[in-house]
$ cat query-v3.cif   # mmCIF, C-alpha atoms
data_structure
#
loop_
_atom_site.group_PDB
_atom_site.id
_atom_site.type_symbol
_atom_site.label_atom_id
_atom_site.label_comp_id
_atom_site.auth_asym_id
_atom_site.auth_seq_id
_atom_site.Cartn_x
_atom_site.Cartn_y
_atom_site.Cartn_z
ATOM 1 C CA MET I 1 0.000 0.000 0.000
ATOM 2 C CA ASN I 2 1.350 3.423 -0.988
ATOM 3 C CA LEU I 3 0.659 6.112 1.586
ATOM 4 C CA SER I 4 1.622 9.793 1.773
ATOM 5 C CA ILE I 5 1.564 11.151 5.321
ATOM 6 C CA LEU I 6 1.401 14.792 6.344
ATOM 7 C CA TYR I 7 2.806 14.611 9.874
ATOM 8 C CA ARG I 8 2.280 17.448 12.346
ATOM 9 C CA GLY I 9 3.315 16.755 15.922
ATOM 10 C CA PRO I 10 2.878 18.945 19.012
ATOM 11 C CA LEU I 11 5.778 21.280 18.082
ATOM 12 C CA SER I 12 4.447 24.838 17.989
ATOM 13 C CA SER I 13 7.450 27.105 18.483
ATOM 14 C CA CYS I 14 9.538 29.076 16.039
ATOM 15 C CA ASN I 15 12.701 31.154 16.030
ATOM 16 C CA TYR I 16 11.158 33.632 13.562
ATOM 17 C CA GLY I 17 8.644 36.391 14.283
ATOM 18 C CA CYS I 18 6.592 36.751 11.084
ATOM 19 C CA HIS I 19 3.621 39.025 11.798
ATOM 20 C CA TYR I 20 1.184 36.779 9.920
ATOM 21 C CA CYS I 21 2.034 33.642 11.926
ATOM 22 C CA PRO I 22 0.376 32.809 15.278
ATOM 23 C CA PHE I 23 3.433 30.793 16.351
ATOM 24 C CA ALA I 24 5.968 33.555 15.709
ATOM 25 C CA LYS I 25 8.669 33.664 18.356
ATOM 26 C CA ARG I 26 6.727 31.231 20.517
ATOM 27 C CA VAL I 27 8.963 29.453 23.028
ATOM 28 C CA GLU I 28 8.199 25.969 24.333
ATOM 29 C CA GLY I 29 9.499 24.605 27.598
ATOM 30 C CA ALA I 30 11.560 21.448 28.062
ATOM 31 C CA ALA I 31 8.501 19.337 28.850
ATOM 32 C CA GLU I 32 6.672 20.463 25.695
ATOM 33 C CA LEU I 33 9.692 19.813 23.517
ATOM 34 C CA ALA I 34 10.201 16.392 25.094
ATOM 35 C CA ARG I 35 6.578 15.538 24.313
ATOM 36 C CA ASP I 36 7.124 16.446 20.671
ATOM 37 C CA ARG I 37 10.348 14.417 20.524
ATOM 38 C CA ARG I 38 8.670 11.316 21.956
ATOM 39 C CA ALA I 39 5.772 11.613 19.504
ATOM 40 C CA LEU I 40 8.144 11.937 16.556
ATOM 41 C CA GLU I 41 10.299 9.015 17.654
ATOM 42 C CA ARG I 42 7.175 6.889 18.004
ATOM 43 C CA PHE I 43 6.116 7.812 14.474
ATOM 44 C CA VAL I 44 9.520 6.971 12.972
ATOM 45 C CA ALA I 45 9.551 3.660 14.832
ATOM 46 C CA TRP I 46 6.081 2.856 13.452
ATOM 47 C CA VAL I 47 7.269 3.490 9.887
ATOM 48 C CA ALA I 48 10.262 1.215 10.451
ATOM 49 C CA ASP I 49 8.052 -1.521 11.901
ATOM 50 C CA HIS I 50 5.566 -1.514 9.001
ATOM 51 C CA PRO I 51 7.488 -2.382 5.826
ATOM 52 C CA GLN I 52 4.231 -3.391 4.108
ATOM 53 C CA PHE I 53 3.431 0.315 3.691
ATOM 54 C CA HIS I 54 5.387 2.303 1.099
ATOM 55 C CA ILE I 55 5.578 5.677 2.803
ATOM 56 C CA SER I 56 6.197 9.264 1.731
ATOM 57 C CA VAL I 57 6.295 11.817 4.564
ATOM 58 C CA LEU I 58 6.001 15.594 4.648
ATOM 59 C CA PHE I 59 6.577 17.192 8.042
ATOM 60 C CA THR I 60 4.357 20.281 8.338
ATOM 61 C CA PRO I 61 5.105 21.627 11.843
ATOM 62 C CA TRP I 62 3.558 24.655 13.513
ATOM 63 C CA GLY I 63 6.963 26.282 13.828
ATOM 64 C CA GLU I 64 10.526 25.492 12.810
ATOM 65 C CA ALA I 65 11.519 21.835 13.032
ATOM 66 C CA LEU I 66 15.052 21.606 11.683
ATOM 67 C CA ILE I 67 16.604 23.559 14.562
ATOM 68 C CA ARG I 68 15.565 20.569 16.701
ATOM 69 C CA PRO I 69 18.000 17.606 16.571
ATOM 70 C CA TRP I 70 15.210 15.018 16.758
ATOM 71 C CA TYR I 71 13.801 16.174 13.419
ATOM 72 C CA GLN I 72 17.252 15.942 11.859
ATOM 73 C CA ARG I 73 17.589 12.401 13.218
ATOM 74 C CA ALA I 74 14.100 11.522 11.962
ATOM 75 C CA LEU I 75 14.914 12.560 8.408
ATOM 76 C CA ILE I 76 18.205 10.680 8.518
ATOM 77 C CA GLN I 77 16.539 7.521 9.815
ATOM 78 C CA LEU I 78 13.561 7.660 7.470
ATOM 79 C CA SER I 79 15.762 8.211 4.431
ATOM 80 C CA HIS I 80 17.511 4.885 5.061
ATOM 81 C CA LEU I 81 14.360 2.791 5.480
ATOM 82 C CA SER I 82 13.651 0.579 2.476
ATOM 83 C CA ASN I 83 9.902 1.281 2.616
ATOM 84 C CA VAL I 84 10.288 5.070 2.598
ATOM 85 C CA GLU I 85 10.003 6.709 -0.799
ATOM 86 C CA LYS I 86 10.367 10.298 0.397
ATOM 87 C CA ALA I 87 10.976 12.253 3.589
ATOM 88 C CA ALA I 88 10.467 16.006 3.290
ATOM 89 C CA VAL I 89 10.043 18.910 5.692
ATOM 90 C CA GLN I 90 8.876 22.511 5.661
ATOM 91 C CA THR I 91 11.631 24.768 7.020
ATOM 92 C CA ASN I 92 12.811 28.366 7.159
ATOM 93 C CA LEU I 93 16.327 27.058 6.452
ATOM 94 C CA SER I 94 17.844 28.933 9.384
ATOM 95 C CA GLY I 95 19.674 25.989 10.937
ATOM 96 C CA ARG I 96 22.874 24.157 10.141
ATOM 97 C CA LEU I 97 22.859 21.696 7.250
ATOM 98 C CA ASP I 98 25.853 19.436 7.847
ATOM 99 C CA TRP I 99 23.597 16.704 9.261
ATOM 100 C CA THR I 100 22.171 16.144 5.774
ATOM 101 C CA GLU I 101 25.370 14.308 4.841
ATOM 102 C CA GLN I 102 24.059 11.371 6.860
ATOM 103 C CA CYS I 103 20.874 11.160 4.766
ATOM 104 C CA ASP I 104 20.161 9.148 1.677
ATOM 105 C CA LYS I 105 19.915 12.255 -0.485
ATOM 106 C CA GLU I 106 17.814 10.490 -3.095
ATOM 107 C CA ARG I 107 14.977 10.316 -0.553
ATOM 108 C CA VAL I 108 15.192 13.622 1.315
ATOM 109 C CA ALA I 109 13.830 16.983 0.181
ATOM 110 C CA LEU I 110 13.319 20.397 1.758
ATOM 111 C CA TRP I 111 10.415 22.807 1.341
ATOM 112 C CA ALA I 112 12.278 25.997 2.209
ATOM 113 C CA THR I 113 10.529 29.314 2.846
ATOM 114 C CA PHE I 114 12.178 32.739 2.703
ATOM 115 C CA HIS I 115 10.923 35.306 5.222
ATOM 116 C CA PRO I 116 12.272 38.756 4.246
ATOM 117 C CA SER I 117 11.317 40.313 7.588
ATOM 118 C CA GLU I 118 13.352 37.730 9.519
ATOM 119 C CA THR I 119 16.532 37.176 7.521
ATOM 120 C CA THR I 120 18.459 38.710 4.664
ATOM 121 C CA ARG I 121 18.219 37.457 1.119
ATOM 122 C CA ALA I 122 22.005 36.995 1.072
ATOM 123 C CA ARG I 123 21.925 34.746 4.139
ATOM 124 C CA PHE I 124 19.024 32.694 2.804
ATOM 125 C CA VAL I 125 20.596 32.291 -0.639
ATOM 126 C CA THR I 126 23.852 31.194 1.010
ATOM 127 C CA GLN I 127 21.901 28.386 2.679
ATOM 128 C CA CYS I 128 20.371 27.439 -0.679
ATOM 129 C CA GLN I 129 23.817 27.367 -2.242
ATOM 130 C CA GLU I 130 24.945 25.022 0.526
ATOM 131 C CA LEU I 131 22.037 22.739 -0.360
ATOM 132 C CA ASP I 132 23.224 22.850 -3.970
ATOM 133 C CA ARG I 133 26.771 21.912 -2.952
ATOM 134 C CA ARG I 134 25.513 19.051 -0.805
ATOM 135 C CA GLY I 135 23.260 17.745 -3.561
ATOM 136 C CA LEU I 136 19.942 18.194 -1.730
ATOM 137 C CA ARG I 137 16.638 18.540 -3.553
ATOM 138 C CA TYR I 138 14.564 21.540 -2.491
ATOM 139 C CA SER I 139 12.000 24.115 -3.501
ATOM 140 C CA VAL I 140 11.921 27.718 -2.328
ATOM 141 C CA GLY I 141 8.872 29.728 -1.410
ATOM 142 C CA VAL I 142 7.784 33.046 -0.014
ATOM 143 C CA VAL I 143 4.542 34.652 1.118
ATOM 144 C CA GLY I 144 3.517 37.068 -1.623
ATOM 145 C CA LEU I 145 3.180 40.309 0.284
ATOM 146 C CA ASN I 146 2.943 43.323 -2.024
ATOM 147 C CA GLU I 147 5.723 45.149 -0.223
ATOM 148 C CA HIS I 148 8.105 42.259 -0.905
ATOM 149 C CA GLY I 149 7.673 42.325 -4.693
ATOM 150 C CA GLU I 150 11.146 43.614 -5.472
ATOM 151 C CA GLU I 151 12.747 41.288 -2.943
ATOM 152 C CA ILE I 152 10.973 38.287 -4.455
ATOM 153 C CA GLU I 153 12.129 39.254 -7.949
ATOM 154 C CA ALA I 154 15.687 39.621 -6.669
ATOM 155 C CA LEU I 155 15.451 36.227 -4.979
ATOM 156 C CA ARG I 156 14.458 34.618 -8.277
ATOM 157 C CA GLN I 157 17.578 36.065 -9.874
ATOM 158 C CA SER I 158 19.766 34.834 -7.011
ATOM 159 C CA LEU I 159 18.623 31.215 -7.014
ATOM 160 C CA ALA I 160 20.149 28.534 -9.198
ATOM 161 C CA THR I 161 18.460 27.906 -12.529
ATOM 162 C CA GLY I 162 15.971 25.095 -12.147
ATOM 163 C CA VAL I 163 15.105 25.809 -8.508
ATOM 164 C CA TYR I 164 11.367 26.366 -8.392
ATOM 165 C CA LEU I 165 10.361 29.553 -6.564
ATOM 166 C CA TRP I 166 6.714 29.372 -5.520
ATOM 167 C CA ILE I 167 4.709 32.283 -4.156
ATOM 168 C CA ASN I 168 1.985 31.714 -1.587
ATOM 169 C CA ALA I 169 -0.818 34.209 -2.071
ATOM 170 C CA TYR I 170 -1.736 36.384 0.911
ATOM 171 C CA LYS I 171 -5.445 35.675 1.291
ATOM 172 C CA ARG I 172 -6.284 37.279 4.614
ATOM 173 C CA GLU I 173 -7.384 40.503 2.909
ATOM 174 C CA PRO I 174 -10.019 40.253 0.155
ATOM 175 C CA ASP I 175 -8.899 41.670 -3.184
ATOM 176 C CA TYR I 176 -5.395 42.094 -1.788
ATOM 177 C CA TYR I 177 -3.753 42.078 -5.238
ATOM 178 C CA ASP I 178 -4.502 44.258 -8.205
ATOM 179 C CA GLU I 179 -4.229 42.787 -11.685
ATOM 180 C CA ALA I 180 -0.732 44.153 -12.250
ATOM 181 C CA MET I 181 0.578 42.462 -9.084
ATOM 182 C CA VAL I 182 -0.980 39.131 -10.032
ATOM 183 C CA GLU I 183 0.740 39.334 -13.415
ATOM 184 C CA ARG I 184 4.023 40.361 -11.772
ATOM 185 C CA PHE I 185 4.018 37.364 -9.449
ATOM 186 C CA ALA I 186 2.824 35.026 -12.214
ATOM 187 C CA ARG I 187 5.930 35.904 -14.233
ATOM 188 C CA ILE I 188 7.961 34.461 -11.366
ATOM 189 C CA ASP I 189 5.659 31.562 -10.477
ATOM 190 C CA SER I 190 3.288 30.535 -13.237
ATOM 191 C CA LEU I 191 1.204 28.647 -10.654
ATOM 192 C CA PHE I 192 0.636 31.744 -8.524
ATOM 193 C CA PRO I 193 -2.862 32.307 -10.004
ATOM 194 C CA VAL I 194 -3.704 28.744 -8.960
ATOM 195 C CA ASN I 195 -2.695 29.484 -5.371
ATOM 196 C CA ASN I 196 -4.407 32.874 -5.386
ATOM 197 C CA GLN I 197 -7.903 31.416 -5.142
ATOM 198 C CA TYR I 198 -10.095 29.114 -3.123
ATOM 199 C CA HIS I 199 -10.876 26.073 -5.252
ATOM 200 C CA PRO I 200 -14.407 24.664 -5.138
ATOM 201 C CA SER I 201 -13.961 21.288 -3.461
ATOM 202 C CA LEU I 202 -17.277 20.171 -1.970
ATOM 203 C CA GLY I 203 -18.101 16.746 -3.364
ATOM 204 C CA ARG I 204 -14.993 16.702 -5.569
ATOM 205 C CA LYS I 205 -12.620 13.740 -5.779
ATOM 206 C CA CYS I 206 -9.547 14.095 -3.608
ATOM 207 C CA ARG I 207 -6.766 11.652 -2.754
ATOM 208 C CA THR I 208 -6.811 12.682 0.910
ATOM 209 C CA GLY I 209 -8.385 10.143 3.193
ATOM 210 C CA HIS I 210 -7.309 7.357 0.860
ATOM 211 C CA SER I 211 -3.703 7.493 -0.341
ATOM 212 C CA VAL I 212 -2.904 10.751 1.489
ATOM 213 C CA ILE I 213 -3.547 11.295 5.201
ATOM 214 C CA ALA I 214 -2.695 13.745 7.958
ATOM 215 C CA VAL I 215 -1.374 12.356 11.242
ATOM 216 C CA ASP I 216 -0.845 14.204 14.524
ATOM 217 C CA GLY I 217 1.473 13.423 17.406
ATOM 218 C CA ALA I 218 -1.012 11.078 19.063
ATOM 219 C CA GLY I 219 -1.404 9.117 15.837
ATOM 220 C CA THR I 220 -4.897 10.447 15.068
ATOM 221 C CA ILE I 221 -5.586 10.183 11.349
ATOM 222 C CA ARG I 222 -7.525 12.820 9.450
ATOM 223 C CA ARG I 223 -7.974 13.059 5.729
ATOM 224 C CA CYS I 224 -6.025 16.361 5.692
ATOM 225 C CA HIS I 225 -5.131 19.285 7.936
ATOM 226 C CA PHE I 226 -8.354 21.073 7.005
ATOM 227 C CA VAL I 227 -10.933 18.417 7.917
ATOM 228 C CA ARG I 228 -11.208 17.730 11.633
ATOM 229 C CA GLU I 229 -13.143 14.458 11.484
ATOM 230 C CA PRO I 230 -10.854 11.603 12.650
ATOM 231 C CA LEU I 231 -10.572 8.488 10.518
ATOM 232 C CA GLY I 232 -8.819 6.301 13.064
ATOM 233 C CA ASN I 233 -5.407 6.030 14.652
ATOM 234 C CA LEU I 234 -2.159 5.095 12.952
ATOM 235 C CA TYR I 235 -1.065 3.027 15.931
ATOM 236 C CA GLU I 236 -4.160 0.834 16.030
ATOM 237 C CA PRO I 237 -4.105 -2.394 13.969
ATOM 238 C CA GLY I 238 -6.274 -2.274 10.889
ATOM 239 C CA PHE I 239 -6.386 1.512 10.621
ATOM 240 C CA GLU I 240 -6.055 1.168 6.848
ATOM 241 C CA GLN I 241 -9.572 -0.246 6.686
ATOM 242 C CA GLY I 242 -10.849 3.264 7.356
ATOM 243 C CA LEU I 243 -9.039 4.680 4.350
ATOM 244 C CA MET I 244 -11.136 4.916 1.227
ATOM 245 C CA GLU I 245 -11.967 7.215 -1.635
ATOM 246 C CA ARG I 246 -14.356 9.880 -0.390
ATOM 247 C CA PRO I 247 -15.424 13.305 -1.724
ATOM 248 C CA CYS I 248 -14.224 16.484 -0.025
ATOM 249 C CA PRO I 249 -16.645 17.748 2.683
ATOM 250 C CA ASN I 250 -15.411 21.368 2.571
ATOM 251 C CA GLN I 251 -16.820 24.081 0.350
ATOM 252 C CA THR I 252 -13.397 25.249 -0.850
ATOM 253 C CA CYS I 253 -9.694 24.501 -0.489
ATOM 254 C CA GLY I 254 -7.103 27.272 -0.598
ATOM 255 C CA CYS I 255 -3.812 25.754 0.604
ATOM 256 C CA HIS I 256 -1.342 23.899 -1.609
ATOM 257 C CA ILE I 257 -0.974 20.949 0.768
ATOM 258 C CA GLY I 258 -4.717 20.465 0.437
ATOM 259 C CA TYR I 259 -5.766 21.345 -3.109
ATOM 260 C CA ALA I 260 -2.677 19.664 -4.592
ATOM 261 C CA HIS I 261 -4.547 16.398 -4.035
ATOM 262 C CA LEU I 262 -7.796 17.434 -5.744
ATOM 263 C CA GLU I 263 -7.880 15.109 -8.730
ATOM 264 C CA GLU I 264 -9.425 17.508 -11.229
ATOM 265 C CA LEU I 265 -6.678 20.097 -10.707
ATOM 266 C CA ASN I 266 -4.244 17.487 -12.010
ATOM 267 C CA LEU I 267 -1.278 18.946 -10.124
ATOM 268 C CA LEU I 268 0.166 15.462 -9.825
ATOM 269 C CA GLN I 269 0.934 15.769 -13.525
ATOM 270 C CA VAL I 270 2.755 19.067 -12.899
ATOM 271 C CA PHE I 271 4.790 17.933 -9.877
ATOM 272 C CA GLY I 272 4.976 14.156 -10.257
ATOM 273 C CA SER I 273 6.891 12.518 -7.432
ATOM 274 C CA GLY I 274 7.810 15.981 -6.110
ATOM 275 C CA LEU I 275 4.245 16.890 -5.173
ATOM 276 C CA LEU I 276 4.772 16.791 -1.396
ATOM 277 C CA GLU I 277 7.904 18.921 -1.414
ATOM 278 C CA ARG I 278 6.543 21.200 -4.179
ATOM 279 C CA ILE I 279 9.273 20.395 -6.693
ATOM 280 C CA PRO I 280 8.071 20.192 -10.311
ATOM 281 C CA ALA I 281 8.470 17.005 -12.293
ATOM 282 C CA ASN I 282 10.793 18.725 -14.750
ATOM 283 C CA PRO I 283 13.702 20.005 -12.614
ATOM 284 C CA ALA I 284 14.917 22.216 -15.460
ATOM 285 C CA ASP I 285 11.614 24.128 -15.387
ATOM 286 C CA GLU I 286 12.049 26.773 -12.700
ATOM 287 C CA SER I 287 8.429 27.889 -13.019
ATOM 288 C CA PRO I 288 6.196 24.925 -13.904
ATOM 289 C CA LYS I 289 3.399 25.534 -16.350
ATOM 290 C CA PRO I 290 -0.146 24.485 -15.490
ATOM 291 C CA SER I 291 -1.224 21.406 -17.382
ATOM 292 C CA PRO I 292 -3.790 21.707 -20.185
ATOM 293 C CA LEU I 293 -6.263 19.896 -17.941
ATOM 294 C CA LEU I 294 -5.751 22.495 -15.220
ATOM 295 C CA SER I 295 -6.316 25.306 -17.703
ATOM 296 C CA ALA I 296 -9.435 23.608 -18.989
ATOM 297 C CA PHE I 297 -10.709 23.191 -15.424
ATOM 298 C CA ASN I 298 -10.172 26.883 -14.659
ATOM 299 C CA GLU I 299 -12.029 27.850 -17.815
ATOM 300 C CA SER I 300 -14.928 25.536 -17.037
ATOM 301 C CA ARG I 301 -15.088 26.727 -13.443
ATOM 302 C CA SER I 302 -15.202 30.343 -14.621
ATOM 303 C CA GLY I 303 -18.189 29.398 -16.723
ATOM 304 C CA ARG I 304 -19.915 27.734 -13.765
ATOM 305 C CA ASP I 305 -19.188 30.540 -11.332
ATOM 306 C CA GLY I 306 -19.604 33.397 -13.745
#
$ encode --input "query-v3.cif" --output "structure tokens"
Amino acid sequence: MNLSILYRGPLSSCNYGCHYCPFAKRVEGAAELARDRRALERFVAWVADHPQFHISVLFTPWGEALIRPWYQRALIQLSHLSNVEKAAVQTNLSGRLDWTEQCDKERVALWATFHPSETTRARFVTQCQELDRRGLRYSVGVVGLNEHGEEIEALRQSLATGVYLWINAYKREPDYYDEAMVERFARIDSLFPVNNQYHPSLGRKCRTGHSVIAVDGAGTIRRCHFVREPLGNLYEPGFEQGLMERPCPNQTCGCHIGYAHLEELNLLQVFGSGLLERIPANPADESPKPSPLLSAFNESRSGRDG
């Protein structure tokens, strides 16, 4: 059985202070951090003990994981398990990277986000260049705030050719972007218009809850991070019996780690095996083009919603 797992443990602290993040500069005590470490170690042990499942993992913590040694160890360990296809993590790339030399680099990938208010472009790009030297696969992203337009354009010029730079739309303010800004960001990331909307999802086919699941530190399984209904527990025998194809219960989906699994968007064709870590299937294509099916869907949806 092939299974992609979005793992989010109790960790909810970060060394950055982004104004749009509720976990900015949050500090956890020793007991809280120990709880997160134990939950993560339990999860890694479960993966190792269940070779019948072919696993891909994306760690999506509320905060920064890679400054914690237990997440470094988890990626190292997972990358050497024969039943693990992929182990990826969302990170601000602020920590050291020498530990990656212990990984099987064919199975590890980083989803790295640049935060202009928290670090300099030069420092972030230096970290990316270290990833290049070490042979790590990664994508780079940034929240598309209007005031960071020039910085985002400069970042694109500073990154190696073939590194995909994605832009997450800022959706907290309605009509935040004017048409010129949408076009400006789309020249950098051709999929920005896809992210800059809430996709109708109610009743639509989605791989979550079947081949893609979200798991928390206690092992509770949900179809994704945006549907609270539990489907079972990873640590209970026979949990897989609760996994099945089921339509999305939400009206819309606006986050990449959710809508990427909507079948009619066909983003699996765009990203291929790099879907979890947001790396396009064609590594030479620094800004992946939407598939014809995606374009056709957008056109048909415009007709329905118009």
$ resolve_selection --input "query-v3.cif" --expression "the PyMOL selection byres ((chain I and resi 14) around 10)" --output "list in words"
Leu11, Ser12, Ser13, Asn15, Tyr16, Gly17, Cys18, Cys21, Pro22, Phe23, Ala24, Lys25, Arg26, Val27, Glu28, Pro61, Trp62, Gly63, Glu64, Ala65, Ile67 and Asn92 of chain I
$ resolve_selection --input "query-v3.cif" --expression "the PyMOL selection byres ((chain I and resi 66) around 12)" --output "PyMOL selection string"
chain I and resi 11+13-15+59-61+63-65+67-76+88-100+110-112
$ residues_around --input "query-v3.cif" --residues "stretch 37-51 of chain I" --least-positions-apart "3" --cutoff "8 Å" --atoms "all atoms listed in the file" --output "list in words"
Gly9, Pro10, Leu33, Ala34, His54, Ile55, Trp70, Tyr71, Ala74, Gln77, Leu78, Leu81, Ser82, Asn83, Gly217, Ala218, Gly219 and Tyr235 of chain I
$ write_last_selection --input "query-v3.cif" --atoms "C-alpha atoms" --output "PDB file, in the coordinates of the input"
ATOM      1  CA  GLY I   9       3.315  16.755  15.922  1.00  0.00           C
ATOM      2  CA  PRO I  10       2.878  18.945  19.012  1.00  0.00           C
ATOM      3  CA  LEU I  33       9.692  19.813  23.517  1.00  0.00           C
ATOM      4  CA  ALA I  34      10.201  16.392  25.094  1.00  0.00           C
ATOM      5  CA  HIS I  54       5.387   2.303   1.099  1.00  0.00           C
ATOM      6  CA  ILE I  55       5.578   5.677   2.803  1.00  0.00           C
ATOM      7  CA  TRP I  70      15.210  15.018  16.758  1.00  0.00           C
ATOM      8  CA  TYR I  71      13.801  16.174  13.419  1.00  0.00           C
ATOM      9  CA  ALA I  74      14.100  11.522  11.962  1.00  0.00           C
ATOM     10  CA  GLN I  77      16.539   7.521   9.815  1.00  0.00           C
ATOM     11  CA  LEU I  78      13.561   7.660   7.470  1.00  0.00           C
ATOM     12  CA  LEU I  81      14.360   2.791   5.480  1.00  0.00           C
ATOM     13  CA  SER I  82      13.651   0.579   2.476  1.00  0.00           C
ATOM     14  CA  ASN I  83       9.902   1.281   2.616  1.00  0.00           C
ATOM     15  CA  GLY I 217       1.473  13.423  17.406  1.00  0.00           C
ATOM     16  CA  ALA I 218      -1.012  11.078  19.063  1.00  0.00           C
ATOM     17  CA  GLY I 219      -1.404   9.117  15.837  1.00  0.00           C
ATOM     18  CA  TYR I 235      -1.065   3.027  15.931  1.00  0.00           C
TER      19      TYR I 235
END
$ closest_residue --input "query-v3.cif" --among "I:Arg207, I:Arg8, I:His256, I:Lys289" --to "I:Gln269" --atoms "only C-alpha atoms"
I:Lys289
$ closest_residue --input "query-v3.cif" --among "I:Ser190, I:Thr161, I:Asn2, I:Gln102" --to "I:Arg134" --atoms "all atoms listed in the file"
I:Gln102
$ resolve_selection --input "query-v3.cif" --expression "the PyMOL selection byres ((chain I and resi 223) around 8)" --output "list in words"
Thr208, Gly209, His210, Val212, Ile213, Ala214, Ile221, Arg222, Cys224, His225, Val227, Glu229, Pro230 and Leu231 of chain I
$ closest_residue --input "query-v3.cif" --among "I:His115, I:Arg137, I:Arg172, I:Arg121" --to "I:Ala87" --atoms "all atoms listed in the file"
I:Arg137
$ residues_near_point --input "query-v3.cif" --point "(7.4, 27.2, -5.1)" --cutoff "9 Å" --atoms "only C-alpha atoms" --output "MDAnalysis selection string"
chainID I and resid 111:113 139:142 163:168 189 191:192 278:280 286:287
$ atom_distance --input "query-v3.cif" --atom1 "atom CA of I:Leu265" --atom2 "atom CA of I:Cys253"
11.5 Å
$ atom_distance --input "query-v3.cif" --atom1 "atom CA of I:Ala154" --atom2 "atom CA of I:Asp178"
20.8 Å
$ atom_distance --input "query-v3.cif" --atom1 "atom CA of I:Met244" --atom2 "atom CA of I:Asp216"
19.2 Å
$ closest_residue --input "query-v3.cif" --among "I:Pro247, I:Gly274, I:Pro193, I:Pro288" --to "I:Tyr138" --atoms "only C-alpha atoms"
I:Gly274
$ closest_residue --input "query-v3.cif" --among "I:Arg133, I:Arg228, I:His80, I:His261" --to "I:Pro249" --atoms "all atoms listed in the file"
I:Arg228
$ axis_aligned_box --input "query-v3.cif" --around "stretch 51-59 of chain I" --padding-each-side "8 Å" --output "lines of an AutoDock Vina configuration file"
center_x = 5.5
center_y = 6.9
center_z = 4.6
size_x = 20.1
size_y = 36.6
size_z = 22.9
$ residues_around --input "query-v3.cif" --residues "I:Cys255" --least-positions-apart "4" --cutoff "10 Å" --atoms "all atoms listed in the file" --output "number ranges by chain"
I: 168-169, 195-199, 225-226, 259-260
$ closest_residue --input "query-v3.cif" --among "I:Phe124, I:Ile257, I:Ala31, I:Leu145" --to "I:His19" --atoms "all atoms listed in the file"
I:Leu145
$ residues_near_point --input "query-v3.cif" --point "(5.6, 13.3, 8.7)" --cutoff "6 Å" --atoms "all atoms listed in the file" --output "list in words"
Ile5, Leu6, Tyr7, Val57, Leu58 and Phe59 of chain I
